[in-house]
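Below: work_36.txt (compact mmCIF, C-alpha atoms)
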# COMPACT_ATOMS: atom_id res chain seq x y z
CA MET B 1 203.24 136.63 51.32
CA SER B 2 206.34 134.79 50.32
CA ALA B 3 205.65 131.63 52.32
CA HIS B 4 203.90 128.66 50.78
CA GLU B 5 200.18 129.27 50.80
CA GLN B 6 199.30 125.73 51.88
CA PHE B 7 201.27 126.25 55.09
CA ALA B 8 200.22 129.86 55.69
CA ASP B 9 197.49 129.21 58.28
CA ASP B 10 199.47 126.47 59.97
CA LEU B 11 202.46 128.80 60.37
CA ALA B 12 200.35 131.19 62.43
CA LEU B 13 199.05 128.35 64.59
CA TYR B 14 202.58 127.02 65.00
CA ALA B 15 203.83 130.43 66.12
CA LEU B 16 201.05 130.50 68.69
CA GLY B 17 201.98 127.00 69.84
CA SER B 18 198.60 125.49 68.99
CA LEU B 19 199.52 123.24 66.09
CA GLU B 20 199.67 119.61 67.15
CA GLY B 21 200.13 116.07 65.93
CA SER B 22 200.84 115.24 62.30
CA GLU B 23 200.16 118.82 61.15
CA ARG B 24 202.87 120.06 63.46
CA GLN B 25 205.34 117.42 62.29
CA ALA B 26 204.60 118.10 58.64
CA LEU B 27 205.15 121.82 59.12
CA GLN B 28 208.38 121.29 61.02
CA ALA B 29 209.67 119.09 58.20
CA HIS B 30 208.76 121.79 55.72
CA LEU B 31 210.35 124.55 57.80
CA ALA B 32 213.61 122.65 57.84
CA GLN B 33 213.74 123.01 54.08
CA CYS B 34 211.99 126.31 53.37
CA ALA B 35 213.68 129.60 54.15
CA ALA B 36 210.65 131.62 53.04
CA CYS B 37 208.40 129.87 55.55
CA ARG B 38 211.00 130.24 58.30
CA ARG B 39 211.08 133.94 57.58
CA GLU B 40 207.29 134.12 57.65
CA LEU B 41 207.32 132.32 61.00
CA GLN B 42 209.68 134.95 62.36
CA GLN B 43 207.42 137.65 61.02
CA LEU B 44 204.42 136.06 62.74
CA CYS B 45 206.35 136.04 66.03
CA SER B 46 206.91 139.74 65.55
CA ASP B 47 203.20 140.24 64.91
CA MET B 48 202.48 138.40 68.14
CA GLY B 49 204.84 140.65 70.06
CA LEU B 50 203.05 143.73 68.76
CA LEU B 51 199.70 142.19 69.62
CA GLY B 52 200.97 141.77 73.18
CA LEU B 53 201.40 145.54 73.46
CA ALA B 54 197.61 145.86 73.44
CA THR B 55 197.57 144.65 77.02
CA MET B 56 199.64 147.56 78.32
CA GLY B 57 198.19 149.36 81.29
CA PRO B 58 198.57 147.31 84.45
CA VAL B 59 201.94 147.80 86.15
CA PRO B 60 203.72 145.34 88.39
CA PRO B 61 203.86 145.92 92.15
CA VAL B 62 206.74 148.15 93.20
CA THR B 63 208.13 145.31 95.27
CA ALA B 64 208.65 143.24 92.12
CA ARG B 65 211.67 145.30 91.07
CA ALA B 66 213.47 144.79 94.37
CA ARG B 67 212.58 141.12 94.21
CA MET B 68 214.15 140.71 90.80
CA LEU B 69 217.30 142.62 91.75
CA SER B 70 217.58 140.55 94.89
CA SER B 71 217.30 137.39 92.83
CA LEU B 72 220.12 138.61 90.60
CA ALA B 73 222.35 139.25 93.60
CA ASN B 74 221.61 135.81 94.97
CA GLU B 75 222.44 134.06 91.76
CA PRO B 76 226.14 133.95 91.08
CA ARG B 77 226.57 134.29 87.39
CA VAL B 78 229.36 133.11 85.27
CA ARG B 79 230.30 135.61 82.65
CA THR B 80 228.79 134.38 79.44
CA VAL B 81 230.37 134.41 76.09
CA ARG B 82 228.23 135.66 73.26
CA LYS B 83 227.13 132.92 70.98
CA ARG B 84 225.66 134.04 67.76
CA SER B 85 223.95 131.99 65.16
CA PRO B 86 226.50 131.02 62.55
CA SER B 87 225.09 133.18 59.80
CA TRP B 88 227.25 133.42 56.72
CA TRP B 89 227.81 137.11 57.25
CA LEU B 90 229.23 136.38 60.68
CA LEU B 91 231.34 133.49 59.45
CA ALA B 92 232.56 135.33 56.38
CA PRO B 93 234.91 137.71 58.24
CA MET B 94 236.08 134.78 60.37
CA ALA B 95 236.75 132.67 57.27
CA ALA B 96 238.46 135.62 55.63
CA ALA B 97 240.61 136.11 58.73
CA ILE B 98 241.58 132.42 58.70
CA VAL B 99 242.43 132.56 55.01
CA LEU B 100 244.41 135.77 55.51
CA ALA B 101 246.21 134.21 58.45
CA ALA B 102 247.07 131.14 56.36
CA ILE B 103 248.23 133.33 53.48
CA SER B 104 250.23 135.44 55.91
CA ILE B 105 251.96 132.35 57.29
CA VAL B 106 252.77 131.12 53.78
CA LEU B 107 254.01 134.56 52.76
CA TRP B 108 255.95 134.89 55.97
CA ARG B 109 257.62 131.55 55.33
CA GLN B 110 258.30 132.42 51.71
CA ASN B 111 259.61 135.77 52.80
CA ASN B 112 261.91 134.11 55.32
CA ALA B 113 263.11 131.61 52.73
CA LEU B 114 263.68 134.41 50.23
CA ARG B 115 265.41 136.46 52.86
CA GLN B 116 267.71 133.55 53.64
CA ASP B 117 268.29 132.94 49.93
CA LEU B 118 268.98 136.61 49.43
CA ALA B 119 271.41 136.66 52.36
CA GLN B 120 273.10 133.59 50.91
CA GLN B 121 273.19 135.17 47.47
CA LEU B 122 274.56 138.40 48.86
CA LYS B 123 277.18 136.50 50.78
CA GLN B 124 278.04 134.47 47.69
CA SER B 125 277.90 137.57 45.57
CA GLY B 126 280.20 139.34 48.01
CA GLU B 127 282.62 136.46 47.90
CA ASN B 128 282.46 136.32 44.12
CA ARG B 129 282.90 140.04 43.88
CA ALA B 130 285.98 139.82 46.09
CA GLU B 131 287.40 137.03 43.95
CA VAL B 132 286.67 138.92 40.76
CA GLU B 133 288.23 142.02 42.22
CA ARG B 134 291.30 140.10 43.22
CA ALA B 135 291.53 138.47 39.76
CA ARG B 136 291.07 141.85 38.14
CA GLU B 137 293.86 143.26 40.27
CA VAL B 138 296.12 140.34 39.32
CA LEU B 139 295.32 140.81 35.63
CA ALA B 140 295.72 144.57 35.89
CA LEU B 141 299.07 144.08 37.55
CA LEU B 142 300.19 141.57 34.95
CA SER B 143 299.08 143.71 32.03
CA ALA B 144 299.95 147.12 33.45
CA PRO B 145 302.55 148.79 31.20
CA ASP B 146 303.91 150.72 34.17
CA ALA B 147 304.41 147.66 36.36
CA ILE B 148 308.03 146.94 37.14
CA ARG B 149 309.08 143.60 35.75
CA VAL B 150 312.29 142.22 36.99
CA THR B 151 313.77 138.95 35.83
CA LEU B 152 316.24 137.61 38.27
CA VAL B 153 319.18 135.73 36.78
CA ALA B 154 322.65 134.77 37.90
CA THR B 155 324.66 137.87 38.81
CA ASN B 156 327.21 137.35 36.08
CA ALA B 157 324.73 136.39 33.38
CA LYS B 158 323.34 138.67 30.70
CA PRO B 159 319.52 138.94 30.83
CA GLN B 160 317.99 136.53 28.31
CA PRO B 161 314.53 136.55 26.71
CA GLN B 162 312.22 134.57 28.95
CA GLY B 163 308.65 133.43 28.77
CA LYS B 164 306.47 131.93 31.51
CA ALA B 165 303.23 130.19 30.58
CA ILE B 166 300.72 129.21 33.25
CA TYR B 167 298.16 126.93 31.69
CA ARG B 168 295.15 125.00 33.01
CA PRO B 169 293.85 122.52 30.37
CA GLN B 170 290.51 121.80 32.16
CA THR B 171 289.39 125.36 31.73
CA GLY B 172 291.55 126.43 28.81
CA SER B 173 292.92 129.24 30.97
CA LEU B 174 296.32 130.67 30.21
CA VAL B 175 298.55 133.46 31.43
CA PHE B 176 301.77 134.14 29.59
CA LEU B 177 304.37 136.59 30.75
CA ALA B 178 307.32 137.64 28.60
CA SER B 179 310.43 139.54 29.62
CA ASN B 180 313.61 140.74 28.00
CA PHE B 181 312.20 140.35 24.51
CA ALA B 182 313.88 142.23 21.74
CA PRO B 183 311.89 144.87 19.98
CA LEU B 184 310.44 144.00 16.55
CA PRO B 185 309.69 145.91 13.38
CA PRO B 186 306.26 147.51 13.40
CA GLU B 187 304.73 144.95 11.04
CA LYS B 188 305.97 142.04 13.11
CA ALA B 189 304.87 140.50 16.37
CA TYR B 190 305.72 137.54 18.51
CA GLU B 191 303.19 134.69 18.51
CA LEU B 192 302.74 132.10 21.23
CA TRP B 193 301.87 128.53 20.18
CA LEU B 194 300.49 125.60 22.06
CA LEU B 195 301.86 122.25 20.93
CA PRO B 196 299.20 119.62 21.65
CA THR B 197 300.16 116.35 23.34
CA SER B 198 298.21 114.56 20.63
CA GLY B 199 300.79 115.59 18.05
CA ALA B 200 298.28 117.73 16.20
CA ALA B 201 299.36 120.94 14.53
CA PRO B 202 300.41 123.84 16.82
CA ILE B 203 297.54 126.01 17.96
CA PRO B 204 298.00 129.79 17.89
CA VAL B 205 297.50 131.20 21.40
CA GLY B 206 298.05 134.89 20.79
CA VAL B 207 300.31 137.61 19.43
CA PHE B 208 302.14 140.17 21.52
CA LYS B 209 304.63 142.99 21.19
CA PRO B 210 307.11 143.73 23.94
CA ASP B 211 307.16 147.15 25.49
CA SER B 212 310.23 149.39 25.65
CA ARG B 213 311.69 147.22 28.40
CA GLY B 214 311.07 143.94 26.56
CA SER B 215 308.04 142.89 28.67
CA ALA B 216 304.73 141.58 27.35
CA SER B 217 301.87 139.34 28.37
CA VAL B 218 299.10 137.23 26.90
CA LEU B 219 296.23 136.96 29.37
CA MET B 220 293.37 134.53 29.14
CA PRO B 221 293.22 134.00 25.40
CA SER B 222 290.39 131.98 23.90
CA LEU B 223 291.41 128.34 24.02
CA PRO B 224 289.41 125.14 23.87
CA LYS B 225 288.95 123.22 27.13
CA ASP B 226 290.68 119.94 27.90
CA LEU B 227 293.40 120.57 25.39
CA GLN B 228 296.50 118.89 26.73
CA ALA B 229 299.75 120.70 25.96
CA LYS B 230 303.17 119.10 25.73
CA ALA B 231 304.97 122.38 25.05
CA PHE B 232 304.70 126.09 24.21
CA ALA B 233 306.69 127.90 21.58
CA ILE B 234 307.20 131.45 20.29
CA THR B 235 307.79 132.55 16.72
CA ILE B 236 307.94 135.88 14.96
CA GLU B 237 304.91 136.46 12.73
CA PRO B 238 303.16 139.26 10.95
CA GLU B 239 301.51 141.44 13.59
CA THR B 240 298.09 140.06 12.67
CA GLY B 241 299.25 136.59 13.54
CA SER B 242 299.54 133.37 11.52
CA SER B 243 297.62 130.11 11.48
CA THR B 244 300.82 128.09 11.33
CA PRO B 245 304.13 128.97 12.98
CA THR B 246 306.84 130.51 10.86
CA MET B 247 310.24 129.10 11.60
CA PRO B 248 312.48 129.59 13.46
CA ILE B 249 311.20 129.04 16.96
CA ILE B 250 312.54 131.79 19.18
CA LEU B 251 311.71 130.20 22.52
CA ALA B 252 310.24 126.87 23.48
CA GLY B 253 309.47 125.07 26.65
CA GLY B 254 307.82 121.79 27.55
CA ARG B 255 306.43 120.10 30.61
CA MET D 1 210.00 157.21 87.44
CA GLY D 2 211.97 160.40 88.01
CA LEU D 3 213.47 162.71 85.44
CA ALA D 4 217.00 161.43 86.02
CA SER D 5 216.05 157.82 85.48
CA THR D 6 213.99 158.73 82.42
CA GLN D 7 216.98 160.46 80.87
CA GLN D 8 219.18 157.52 81.78
CA GLU D 9 216.72 155.13 80.17
CA LEU D 10 216.61 157.12 76.96
CA SER D 11 220.36 157.44 76.73
CA VAL D 12 221.05 153.71 76.71
CA SER D 13 220.02 151.58 73.75
CA ASP D 14 218.67 148.06 74.03
CA ALA D 15 221.82 146.78 72.37
CA GLU D 16 223.97 148.45 75.02
CA ILE D 17 221.82 147.05 77.78
CA ILE D 18 222.10 143.53 76.36
CA ALA D 19 225.86 143.93 75.98
CA ARG D 20 226.11 144.94 79.64
CA ILE D 21 223.96 142.00 80.67
CA TYR D 22 226.38 139.74 78.82
CA SER D 23 229.14 141.08 80.99
CA GLY D 24 227.13 140.44 84.16
CA ASP D 25 226.09 144.04 84.87
CA GLU D 26 223.19 143.99 87.35
CA GLY D 27 222.59 147.69 86.77
CA ALA D 28 221.74 146.90 83.15
CA MET D 29 219.08 144.49 84.35
CA ALA D 30 217.57 147.29 86.44
CA LEU D 31 217.46 149.50 83.34
CA LEU D 32 215.89 146.71 81.35
CA TYR D 33 213.32 146.12 84.03
CA ASP D 34 212.38 149.79 84.16
CA ARG D 35 211.94 149.82 80.41
CA TYR D 36 210.03 146.61 79.79
CA SER D 37 208.62 145.17 83.01
CA ASN D 38 205.24 146.76 82.28
CA ILE D 39 204.91 144.91 78.99
CA VAL D 40 205.92 141.57 80.45
CA TYR D 41 203.67 141.97 83.44
CA ALA D 42 200.68 143.21 81.45
CA VAL D 43 200.83 140.34 78.97
CA ALA D 44 201.19 137.77 81.73
CA LEU D 45 198.36 139.32 83.72
CA ARG D 46 196.11 139.33 80.68
CA VAL D 47 196.73 135.62 80.13
CA LEU D 48 196.63 134.50 83.76
CA SER D 49 194.26 137.06 85.29
CA ASP D 50 196.26 136.67 88.48
CA GLY D 51 198.61 139.41 89.70
CA SER D 52 200.74 137.11 91.80
CA ALA D 53 201.12 134.56 89.00
CA ALA D 54 201.89 137.38 86.54
CA GLU D 55 204.61 138.63 88.86
CA ASP D 56 206.10 135.16 88.93
CA ILE D 57 206.18 135.18 85.13
CA LEU D 58 207.82 138.61 85.27
CA GLN D 59 210.53 137.24 87.52
CA ASP D 60 210.98 134.16 85.36
CA VAL D 61 211.33 136.08 82.12
CA PHE D 62 213.90 138.53 83.45
CA MET D 63 215.88 135.88 85.27
CA GLN D 64 215.90 133.78 82.12
CA LEU D 65 217.41 136.68 80.19
CA TRP D 66 219.94 137.24 82.98
CA ARG D 67 221.01 133.60 82.94
CA ASN D 68 220.92 133.19 79.19
CA PRO D 69 221.16 136.49 77.28
CA GLN D 70 222.09 134.51 74.16
CA ALA D 71 218.41 133.54 73.90
CA PHE D 72 217.76 137.04 72.57
CA ASN D 73 219.32 137.78 69.23
CA ALA D 74 219.57 141.58 69.06
CA SER D 75 220.35 141.52 65.37
CA ARG D 76 216.96 140.12 64.47
CA GLY D 77 214.40 142.12 66.34
CA SER D 78 213.41 144.31 69.23
CA LEU D 79 213.63 143.40 72.85
CA ALA D 80 210.13 144.73 73.53
CA THR D 81 208.30 142.35 71.20
CA TRP D 82 210.61 139.47 72.06
CA LEU D 83 209.85 139.90 75.76
CA ALA D 84 206.13 140.19 75.03
CA VAL D 85 206.17 136.89 73.15
CA ILE D 86 208.28 135.17 75.80
CA ALA D 87 205.94 136.45 78.52
CA ARG D 88 202.90 135.30 76.58
CA ASN D 89 204.35 131.82 75.97
CA ARG D 90 205.39 131.42 79.61
CA ALA D 91 202.01 132.52 80.80
CA ILE D 92 200.21 130.18 78.41
CA ASP D 93 202.42 127.33 79.60
CA GLN D 94 201.51 128.19 83.13
CA LEU D 95 197.85 128.38 82.22
CA ARG D 96 197.78 125.09 80.42
CA LYS D 97 200.43 123.38 82.54
CA LYS D 98 202.20 122.04 79.58
CA ARG D 99 205.68 122.10 78.27
CA PRO D 100 206.64 125.07 76.14
CA GLU D 101 205.73 124.56 72.52
CA VAL D 102 208.15 127.20 71.40
CA GLU D 103 211.40 127.66 73.28
CA ALA D 104 212.67 131.15 73.96
CA ALA D 105 215.64 130.74 71.67
CA GLU D 106 213.32 129.84 68.82
CA THR D 107 211.32 132.97 69.25
CA VAL D 108 212.88 135.31 66.76
CA ILE D 109 211.37 138.67 66.09
CA LEU D 110 212.02 139.70 62.54
CA VAL D 111 211.15 143.32 61.93
CA ASP D 112 209.87 145.69 64.53
CA PRO D 113 208.94 149.30 64.83
CA GLU D 114 211.08 151.42 67.13
CA LEU D 115 210.00 150.63 70.68
CA GLU D 116 212.91 151.68 72.86
CA SER D 117 211.39 154.92 74.07
CA ALA D 118 208.23 155.21 76.12
CA ALA D 119 206.74 157.53 73.49
CA ASP D 120 207.34 154.96 70.74
CA ARG D 121 205.71 152.28 72.84
CA SER D 122 202.70 154.46 73.54
CA ARG D 123 202.17 155.06 69.83
CA ALA D 124 202.54 151.33 69.13
CA ILE D 125 200.00 150.46 71.83
CA GLU D 126 197.47 152.85 70.36
CA LYS D 127 198.02 151.40 66.92
CA VAL D 128 197.51 147.79 68.02
CA ARG D 129 194.44 148.67 69.99
CA ALA D 130 193.05 150.45 66.97
CA VAL D 131 193.65 147.37 64.83
CA LEU D 132 191.86 145.15 67.33
CA ALA D 133 189.01 147.58 67.67
CA GLY D 134 188.62 147.64 63.89
CA MET D 135 188.47 143.86 63.46
CA PRO D 136 185.24 141.95 62.97
CA GLY D 137 184.17 140.65 66.38
CA GLU D 138 184.51 137.00 65.47
CA GLN D 139 188.00 137.49 64.15
CA ARG D 140 189.13 139.45 67.18
CA ALA D 141 187.63 136.82 69.46
CA ALA D 142 189.43 134.00 67.61
CA LEU D 143 192.72 135.88 67.74
CA GLU D 144 192.41 136.71 71.41
CA MET D 145 191.42 133.17 72.33
CA ALA D 146 194.46 131.86 70.48
CA PHE D 147 196.88 134.46 71.77
CA PHE D 148 195.74 135.23 75.31
CA GLU D 149 194.03 132.00 76.25
CA GLY D 150 196.29 129.62 74.41
CA LEU D 151 193.38 127.76 72.89
CA THR D 152 194.07 125.66 69.84
CA HIS D 153 192.16 126.26 66.65
CA VAL D 154 190.32 122.99 67.30
CA GLU D 155 189.24 124.21 70.72
CA ILE D 156 188.23 127.58 69.33
CA ALA D 157 186.21 125.97 66.55
CA ARG D 158 184.48 123.77 69.07
CA LYS D 159 183.84 126.64 71.42
CA THR D 160 182.54 129.02 68.79
CA GLY D 161 180.91 126.53 66.48
CA GLN D 162 182.87 127.91 63.54
CA PRO D 163 184.46 125.73 60.84
CA LEU D 164 188.02 124.74 61.60
CA GLY D 165 189.39 126.29 58.39
CA THR D 166 187.60 129.54 59.13
CA VAL D 167 189.13 129.74 62.59
CA LYS D 168 192.59 129.07 61.20
CA THR D 169 192.27 131.78 58.61
CA ARG D 170 190.85 134.28 61.09
CA ILE D 171 193.77 133.80 63.45
CA ARG D 172 196.30 134.27 60.72
CA SER D 173 194.44 137.20 59.19
CA GLY D 174 194.31 138.84 62.61
CA LEU D 175 198.08 138.68 62.96
CA LEU D 176 198.54 139.96 59.41
CA ALA D 177 196.26 142.90 60.19
CA VAL D 178 198.59 143.87 63.06
CA ARG D 179 201.56 143.59 60.74
CA LYS D 180 199.88 145.71 58.11
CA ALA D 181 199.21 148.48 60.61
CA PHE D 182 202.94 148.77 61.26
CA ALA D 183 204.05 148.37 57.67
CA VAL D 184 205.94 151.38 56.42
Could you show the structure in this file as structure tokens?
Amino acid sequence: MSAHEQFADDLALYALGSLEGSERQALQAHLAQCAACRRELQQLCSDMGLLGLATMGPVPPVTARARMLSSLANEPRVRTVRKRSPSWWLLAPMAAAIVLAAISIVLWRQNNALRQDLAQQLKQSGENRAEVERAREVLALLSAPDAIRVTLVATNAKPQPQGKAIYRPQTGSLVFLASNFAPLPPEKAYELWLLPTSGAAPIPVGVFKPDSRGSASVLMPSLPKDLQAKAFAITIEPETGSSTPTMPIILAGGR
Amino acid sequence: MGLASTQQELSVSDAEIIARIYSGDEGAMALLYDRYSNIVYAVALRVLSDGSAAEDILQDVFMQLWRNPQAFNASRGSLATWLAVIARNRAIDQLRKKRPEVEAAETVILVDPELESAADRSRAIEKVRAVLAGMPGEQRAALEMAFFEGLTHVEIARKTGQPLGTVKTRIRSGLLAVRKAFAV
């Protein structure tokens, strides 16, 4: 007996419907708070049902069956929806389903956002890749030893050494193309200098040796950003380069 | 009951019958009636000692289930004992002309032996009768007065001249004796 002993007898009377007055109210108040006594009450109802079996023997008149079925036919019935007591084990799957649905919505949204981000990234990446590819092609073309370099001059003029510097101070980017340069001894090289607007000492940009046709290039050397240049100049230096230009200046050009 | 209907009765569980009643299947009510009308009628007749009144209870109980199948919670007990208790309570209400003390939906049967087949029910009937036959006369009388006549313990004590506490305990002990007989 798991129910409270002081209520044990009253529970049986309550199940039978014979408990009245203050005893009934007291038991009902207790039942509202005591699961063990509620369970015992259910058990007592079961006991009562079994006790009822002792009466078996008499059978209803045969007409009773037709009467009941006739009553059913005469009573239009709305289809009922099962209502179950909200036990935790019934609510648990429902709660789990709600949580899963909520998680699914969140994941679905995140997935969509990620998908959009990914699409954007892929698009951006594709664009970047195309730009990089184009830049690589430009650089490859500029630096390719087999590229044909033609300097156009006046028809009656003799080709002269020429240098073209394309410089962007904000990014420190520079492309230098040389043409018609005279060959140098093996231990020598040409060196390109940047002459700062500030009047500071010339900054070495890079060394280069012309190919058999006098062409050379300096592509994207390492230069500080925001360095304003008033001019570029070329000297002949040891092939490892110098920190200060060695006179004379072979070529020079300013803005 | 013919062989065909017996086989049909055995092949359909109480749970299936209730499910079909939920969906408005009148045939399921016929199956239910064939299976349990004897119990409902016998209990009502025992309480009311009136065949016509017992038949009215029989109609009431089955129509109540038809209108409100939710009142029976299949997950918590057998239909046989639930119907027996509902029939008993209805009959007692009729006998005493009072409002139901315990509503049908409150009547929850906790644990029951298997009672869906006629053979199971026959064995259960024999067992209950044996329990009653084995009880001390005063205890059986108190239990039967409470269960079949709907007398309160106060009325029983007055009628029998027994102390109130004794009557209370006898009633409860009687129900526990039934439970014990079916305990596994």
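The nearest approach to B:Ala36 among the residues B:Val106, B:Val175, B:Ile250, B:Leu11, with only C-alpha atoms taken into account, belongs to B:Leu11.
Separating atom CA of D:Phe147 from atom CA of B:Leu16 is a distance of 6.5 Å.
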Test item: chain D residues at most 8 Å from chain B, counting all atoms listed in the file, as a PyMOL selection string: chain D and resi 22-24+26+29-30+33+37-39+41-43+46+51+55+59+62-63+66-68+70+73+77+80-85+88+101-102+107-112+124-126+128-129+146-147+150-153+168-169+171-172+175-176+178-179
For D:Ile57, list every protein, DNA or RNA residue within 10 Å, evaluated using all atoms listed in the file, and leave out those in the same chain fewer than 3 positions away; present the list as a short mmCIF file (atom, residue, chain, number, x, y, z; two decimals) with C-alpha atoms, in the coordinates of the input.
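So selection_0.cif came out as:
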data_model
loop_
_atom_site.label_atom_id
_atom_site.label_comp_id
_atom_site.auth_asym_id
_atom_site.auth_seq_id
_atom_site.Cartn_x
_atom_site.Cartn_y
_atom_site.Cartn_z
CA VAL D 40 205.92 141.57 80.45
CA TYR D 41 203.67 141.97 83.44
CA VAL D 43 200.83 140.34 78.97
CA ALA D 44 201.19 137.77 81.73
CA LEU D 45 198.36 139.32 83.72
CA LEU D 48 196.63 134.50 83.76
CA GLY D 51 198.61 139.41 89.70
CA SER D 52 200.74 137.11 91.80
CA ALA D 53 201.12 134.56 89.00
CA ALA D 54 201.89 137.38 86.54
CA ASP D 60 210.98 134.16 85.36
CA VAL D 61 211.33 136.08 82.12
CA PHE D 62 213.90 138.53 83.45
CA MET D 63 215.88 135.88 85.27
CA ILE D 86 208.28 135.17 75.80
CA ALA D 87 205.94 136.45 78.52
CA ARG D 88 202.90 135.30 76.58
CA ASN D 89 204.35 131.82 75.97
CA ARG D 90 205.39 131.42 79.61
CA ALA D 91 202.01 132.52 80.80
CA GLN D 94 201.51 128.19 83.13
#
Separation of atom CA of B:Phe181 from atom CA of B:Pro248, in Å and rounded to one decimal: 15.4 Å
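Closest approach to B:Arg168 among B:Pro210, B:Gly126, B:Pro224, B:Pro204: B:Pro224, based on all atoms listed in the file.
Pairwise distance (atom CA of B:Thr244, atom CA of B:Val207) equals 12.5 Å.
The smallest atom-to-atom distance between D:Tyr36 and any of D:Ala71, D:Ala118, D:Met135, D:Ala15, using all atoms listed in the file, is found for D:Ala118.
Using all atoms listed in the file, the smallest distance between any of D:Glu144, D:Glu149, D:Pro136, D:Phe72 and D:Asp93 comes from D:Glu149.
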Could you please fill out stretch 79-96 of chain D with N, CA and C atoms and send it back as a PDB file, in the coordinates of the input?
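Dumped to selection_5.pdb:
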ATOM      1  N   LEU D  79     213.746 144.044  71.548  1.00  0.00           N
ATOM      2  CA  LEU D  79     213.630 143.400  72.850  1.00  0.00           C
ATOM      3  C   LEU D  79     212.188 143.465  73.348  1.00  0.00           C
ATOM      4  N   ALA D  80     211.500 144.545  73.032  1.00  0.00           N
ATOM      5  CA  ALA D  80     210.130 144.730  73.530  1.00  0.00           C
ATOM      6  C   ALA D  80     209.213 143.613  73.040  1.00  0.00           C
ATOM      7  N   THR D  81     209.210 143.373  71.741  1.00  0.00           N
ATOM      8  CA  THR D  81     208.300 142.350  71.200  1.00  0.00           C
ATOM      9  C   THR D  81     208.770 140.949  71.582  1.00  0.00           C
ATOM     10  N   TRP D  82     210.089 140.782  71.657  1.00  0.00           N
ATOM     11  CA  TRP D  82     210.610 139.470  72.060  1.00  0.00           C
ATOM     12  C   TRP D  82     210.141 139.144  73.485  1.00  0.00           C
ATOM     13  N   LEU D  83     210.276 140.123  74.378  1.00  0.00           N
ATOM     14  CA  LEU D  83     209.850 139.900  75.760  1.00  0.00           C
ATOM     15  C   LEU D  83     208.343 139.660  75.854  1.00  0.00           C
ATOM     16  N   ALA D  84     207.593 140.372  75.013  1.00  0.00           N
ATOM     17  CA  ALA D  84     206.130 140.190  75.030  1.00  0.00           C
ATOM     18  C   ALA D  84     205.773 138.768  74.620  1.00  0.00           C
ATOM     19  N   VAL D  85     206.458 138.246  73.604  1.00  0.00           N
ATOM     20  CA  VAL D  85     206.170 136.890  73.150  1.00  0.00           C
ATOM     21  C   VAL D  85     206.611 135.863  74.196  1.00  0.00           C
ATOM     22  N   ILE D  86     207.783 136.091  74.774  1.00  0.00           N
ATOM     23  CA  ILE D  86     208.280 135.170  75.800  1.00  0.00           C
ATOM     24  C   ILE D  86     207.312 135.158  76.994  1.00  0.00           C
ATOM     25  N   ALA D  87     206.870 136.354  77.394  1.00  0.00           N
ATOM     26  CA  ALA D  87     205.940 136.450  78.520  1.00  0.00           C
ATOM     27  C   ALA D  87     204.630 135.736  78.197  1.00  0.00           C
ATOM     28  N   ARG D  88     204.154 135.952  76.994  1.00  0.00           N
ATOM     29  CA  ARG D  88     202.900 135.300  76.580  1.00  0.00           C
ATOM     30  C   ARG D  88     203.051 133.775  76.601  1.00  0.00           C
ATOM     31  N   ASN D  89     204.165 133.269  76.024  1.00  0.00           N
ATOM     32  CA  ASN D  89     204.350 131.820  75.970  1.00  0.00           C
ATOM     33  C   ASN D  89     204.499 131.220  77.369  1.00  0.00           C
ATOM     34  N   ARG D  90     205.225 131.906  78.225  1.00  0.00           N
ATOM     35  CA  ARG D  90     205.390 131.420  79.610  1.00  0.00           C
ATOM     36  C   ARG D  90     204.041 131.378  80.330  1.00  0.00           C
ATOM     37  N   ALA D  91     203.301 132.436  80.122  1.00  0.00           N
ATOM     38  CA  ALA D  91     202.010 132.520  80.800  1.00  0.00           C
ATOM     39  C   ALA D  91     201.052 131.448  80.289  1.00  0.00           C
ATOM     40  N   ILE D  92     201.071 131.232  78.978  1.00  0.00           N
ATOM     41  CA  ILE D  92     200.210 130.180  78.410  1.00  0.00           C
ATOM     42  C   ILE D  92     200.635 128.813  78.944  1.00  0.00           C
ATOM     43  N   ASP D  93     201.926 128.600  79.045  1.00  0.00           N
ATOM     44  CA  ASP D  93     202.420 127.330  79.600  1.00  0.00           C
ATOM     45  C   ASP D  93     201.904 127.146  81.013  1.00  0.00           C
ATOM     46  N   GLN D  94     201.983 128.230  81.751  1.00  0.00           N
ATOM     47  CA  GLN D  94     201.510 128.190  83.130  1.00  0.00           C
ATOM     48  C   GLN D  94     200.016 127.893  83.172  1.00  0.00           C
ATOM     49  N   LEU D  95     199.307 128.536  82.266  1.00  0.00           N
ATOM     50  CA  LEU D  95     197.850 128.380  82.220  1.00  0.00           C
ATOM     51  C   LEU D  95     197.460 126.957  81.860  1.00  0.00           C
ATOM     52  N   ARG D  96     198.164 126.406  80.923  1.00  0.00           N
ATOM     53  CA  ARG D  96     197.780 125.090  80.420  1.00  0.00           C
ATOM     54  C   ARG D  96     198.620 123.964  81.027  1.00  0.00           C
TER      55      ARG D  96
END
